[in-house]
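See below for the structure under consideration.
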Amino acid sequence: MADSALSIRTITEADLRDFQGVMAWAFLSDPAGEDSKWLKVLEPDRAHAVFDNDEMIGTAAILSRQITVPGERQAPAGAVTVVSVKPGHRRRGVASLLMKTQLHGMHENGEALAMLWASEGAIYRRYGYGEYATSLAMLTMPTRMPFHNNVHVSDARIRQVTREEALPVMREIHELVWRRRVGWLSRVEQTWDVQLGDREVDRNGLTSYRYALHPEGYVVFRVKYAGDSGGPANELHVRELVCETDQAYADLYRFLLDMDLAASISFYTAWDDPVLHMVDNPRKVRREATDALWIRIVDVDRALPLRAYSSDVDSVLEVEDSFCPWNSGRWRFTVKNGEAAVTRTDDPADVSLDIAALGSVFLGGLRLSVLRHAHRVVEHTPGHVDALTLAFLGTREPHCPEVF
Ligand SMILES: CC(=O)SCCNC(=O)CCNC(=O)[C@H](O)C(C)(C)COP(=O)(O)OP(=O)(O)OC[C@H]1O[C@@H](n2cnc3c(N)ncnc32)[C@H](O)[C@@H]1OP(=O)(O)O
């Protein structure tokens, strides 16, 4: 429970310096260092600070974004970020107060979805966020690998260009592509600065970004110089690979794989990145999984109909949500022709689950059946978990390419 000396409010311009200071202490960065890039995207009326008397000790913010959900639809979602509590003030309920203020506010504003990237895996389930709503693969592969015989590489020209030349083209391509990929987010102008700002402090010993344009896609990468008496072993670290067509995807991967003086490629990418099946030796592509986006269903009855479903189903869900109690209880969830309706019911439950489990499966990646085997979902009427699993499942793994 929060201390009685604690208060919370949205911030103003005058609070930005303290806000940045709390973040720096919390994230172990240099309090006298450069301004955090996150300040560029803050919406002050959606950024909260907690005070212990007059001292600011906690921060959290919501960015207004759209996310693409199954059915290639766009849904508004609050992107929760910069949750931080000053060391010395922790484990007194400050983060819990921030989470509650955000989620209750979103409920009042009619925003049905929240999402975040978790700094640690043990924090956010208690607030109803579901893990592995999207997964991320850390791919590493050697260059020079040939493609499978069926993969055609076109003769489209790929041009390495300056940042100034690349940015307007990249904006146009991204604007088309994010609307087709489940888990991808809308960008505002400042997002480009945050995601691809290329400040010296963000380079970690790598080069500045290199930009390459294809008529239907682009790639942004850095180089890490390496090598010894055996020759150059430079690494290409891909930041973004965004393509309107599968052809551009193959062409740009080929461009990277054939880069002279480079020995390897690494890329935090979609778990089901097709490159694994494009190369002639898939085992040479090393793939390490990690959780990416966590989804919080803020309002069950408004969130579930936002997406399309893969098959018809009619089940009563008993939802447990102590943090946002308006979701708790039994809901009839009916899908007809891909469209969902959600209504309150007194009928007996077919399936019981907590709100975080629903968040985990919302984008169609994680299977509900897996959560049943993990003791997180209980089936009361045989067959309903399998039917729900198939209804929620998407055609590709959801993927969120940007940390916010
Ligand atoms: C979306 C994002 O912004 S992710 C970034 C999150 N921020 C960071 O990682 C920065 C460093 N850490 C911090 O600033 C703080 O430790 C925070 C924000 C993670 C937690 O703040 P606190 O005010 O200490 O959390 P609070 O006191 O509300 O804790 C609530 C519960 O979460 C638990 N908890 C909090 N942090 C952690 C953690 N890192 N690991 C495990 N459990 C945690 C507490 O033990 C408590 O459990 P209980 O309800 O069972 O008693």
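Letters for chains follow the order of the structure tokens (A, B, ...), residue numbers begin at 1 for each chain, and ligand numbers begin at 1 in the order shown.
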
Exercise. Could you name the residues that touch A:Ala32 at 12 Å or less, counting only C-alpha atoms, but leaving out those on the same chain fewer than 2 positions away, as a ChimeraX atom specification?
Worked result: /A:17-18,20-25,28-30,34-36

Selection file, N, CA and C atoms, as a CSV table (one decimal), in the first residue's frame:
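Produced file result-v3.csv, reproduced below:
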chain,number,residue,atom,x,y,z
A,17,ARG,N,12.8,18.5,-15.6
A,17,ARG,CA,14.1,18.2,-15.1
A,17,ARG,C,14.1,17.2,-14.0
A,18,ASP,N,13.2,17.3,-13.1
A,18,ASP,CA,13.1,16.4,-12.0
A,18,ASP,C,12.7,15.0,-12.5
A,20,GLN,N,13.4,13.7,-15.4
A,20,GLN,CA,14.6,13.1,-16.0
A,20,GLN,C,15.5,12.6,-14.9
A,21,GLY,N,15.6,13.4,-13.8
A,21,GLY,CA,16.5,13.0,-12.7
A,21,GLY,C,16.1,11.7,-12.1
A,22,VAL,N,14.8,11.5,-11.8
A,22,VAL,CA,14.3,10.3,-11.2
A,22,VAL,C,14.6,9.1,-12.1
A,23,MET,N,14.3,9.3,-13.4
A,23,MET,CA,14.6,8.2,-14.4
A,23,MET,C,16.1,7.9,-14.4
A,24,ALA,N,16.9,8.9,-14.3
A,24,ALA,CA,18.4,8.6,-14.4
A,24,ALA,C,18.8,7.8,-13.2
A,25,TRP,N,18.3,8.2,-12.0
A,25,TRP,CA,18.7,7.4,-10.8
A,25,TRP,C,18.1,6.0,-10.9
A,28,LEU,N,19.9,3.7,-13.5
A,28,LEU,CA,21.4,3.6,-13.2
A,28,LEU,C,22.2,4.4,-14.3
A,29,SER,N,21.6,5.4,-14.9
A,29,SER,CA,22.3,6.2,-15.9
A,29,SER,C,22.9,7.4,-15.2
A,30,ASP,N,23.6,8.2,-15.9
A,30,ASP,CA,24.3,9.3,-15.4
A,30,ASP,C,23.3,10.5,-15.1
A,34,GLU,N,23.4,13.3,-20.8
A,34,GLU,CA,22.5,13.9,-21.8
A,34,GLU,C,21.0,13.7,-21.4
A,35,ASP,N,20.2,14.6,-21.9
A,35,ASP,CA,18.7,14.5,-21.7
A,35,ASP,C,18.3,13.1,-22.3
A,36,SER,N,17.4,12.5,-21.5
A,36,SER,CA,16.9,11.2,-22.0
A,36,SER,C,16.2,11.4,-23.3

Problem set entry | Surrounding residues of A:His214 excluding itself and chain neighbours under 2 positions, 9 Å, only C-alpha atoms, as a list in words |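 In the requested form, the answer reads Ala156, Arg157, Ile158, Arg159, Ala212, Glu216, Gly217, Tyr218, Val219, Cys243, Ala248, Asp251 and Leu252 of chain A.
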
Quick one: which chain A residues come within 10 Å of ligand 1, and what is the nearest atom pair for each with the distance in Å to one decimal, counting only C-alpha atoms and all ligand atoms, rows ordered by chain and ascending number, as a tab-separated table?
residue	atom	partner	partner_atom_place_in_ligand_line	distance
A:Met1	CA	ligand 1	28 (O)	7.8
A:Ala2	CA	ligand 1	28 (O)	7.8
A:Val22	CA	ligand 1	14 (O)	8.7
A:Met23	CA	ligand 1	10 (C)	7.5
A:Ala24	CA	ligand 1	10 (C)	9.0
A:Trp25	CA	ligand 1	14 (O)	8.3
A:Ala26	CA	ligand 1	11 (C)	4.7
A:Phe27	CA	ligand 1	10 (C)	4.9
A:Leu28	CA	ligand 1	11 (C)	7.8
A:Val50	CA	ligand 1	23 (O)	9.9
A:Ile57	CA	ligand 1	23 (O)	9.1
A:Gly58	CA	ligand 1	23 (O)	7.5
A:Thr59	CA	ligand 1	18 (C)	8.4
A:Ala60	CA	ligand 1	3 (O)	6.9
A:Ala61	CA	ligand 1	3 (O)	8.2
A:Ile62	CA	ligand 1	1 (C)	9.5
A:Ala79	CA	ligand 1	1 (C)	8.3
A:Val80	CA	ligand 1	1 (C)	5.4
A:Thr81	CA	ligand 1	3 (O)	4.0
A:Val82	CA	ligand 1	3 (O)	3.9
A:Val83	CA	ligand 1	3 (O)	3.8
A:Ser84	CA	ligand 1	14 (O)	3.6
A:Val85	CA	ligand 1	14 (O)	3.8
A:Lys86	CA	ligand 1	14 (O)	6.0
A:Pro87	CA	ligand 1	14 (O)	7.0
A:Gly88	CA	ligand 1	24 (O)	9.0
A:His89	CA	ligand 1	23 (O)	6.8
A:Arg90	CA	ligand 1	24 (O)	3.4
A:Arg91	CA	ligand 1	27 (O)	3.1
A:Arg92	CA	ligand 1	27 (O)	4.2
A:Gly93	CA	ligand 1	28 (O)	3.3
A:Val94	CA	ligand 1	23 (O)	3.8
A:Ala95	CA	ligand 1	28 (O)	3.8
A:Ser96	CA	ligand 1	28 (O)	3.8
A:Leu97	CA	ligand 1	28 (O)	6.6
A:Leu98	CA	ligand 1	28 (O)	8.0
A:Met99	CA	ligand 1	28 (O)	8.3
A:Lys100	CA	ligand 1	28 (O)	9.8
A:Met115	CA	ligand 1	1 (C)	8.2
A:Leu116	CA	ligand 1	1 (C)	4.9
A:Trp117	CA	ligand 1	1 (C)	5.1
A:Ala118	CA	ligand 1	4 (S)	4.3
A:Ser119	CA	ligand 1	4 (S)	4.3
A:Glu120	CA	ligand 1	39 (N)	6.0
A:Gly121	CA	ligand 1	40 (N)	7.4
A:Ala122	CA	ligand 1	41 (C)	4.7
A:Ile123	CA	ligand 1	43 (C)	4.8
A:Tyr124	CA	ligand 1	32 (O)	7.7
A:Arg125	CA	ligand 1	32 (O)	9.3
A:Arg126	CA	ligand 1	32 (O)	7.3
A:Tyr127	CA	ligand 1	32 (O)	8.9
A:Leu293	CA	ligand 1	1 (C)	9.8
A:Trp294	CA	ligand 1	1 (C)	9.1
A:Val403	CA	ligand 1	1 (C)	9.7
A:Phe404	CA	ligand 1	1 (C)	8.2

For this session: May I ask for the distance between atom CA of A:Tyr209 and atom CA of A:Glu244, given in Å to one decimal place?
Result: 21.3 Å

Exercise. Can you tell me, as a list in words, what residues are no more than 9 Å from A:Met141 when counting only C-alpha atoms, ignoring any on the same chain fewer than 3 positions away?
Worked result: Met145, Leu257, Ala263, Ser264, Ile265, Ser266, Lys284, Val285, Arg286 and Arg287 of chain A

Problem set entry | Distance query A:Asp314 at most 8 Å, only C-alpha atoms, self and fewer than 3 positions along chain excluded, as a ChimeraX atom specification | /A:332-335

Exercise. Can you list every residue in stretch 206-301 of chain A that DSSP puts in strand (DSSP E or B), as a PyMOL selection string?
Worked result: chain A and resi 210-214+217-224+227-228+231-232+234-243+262-270+279+286-291+293-297
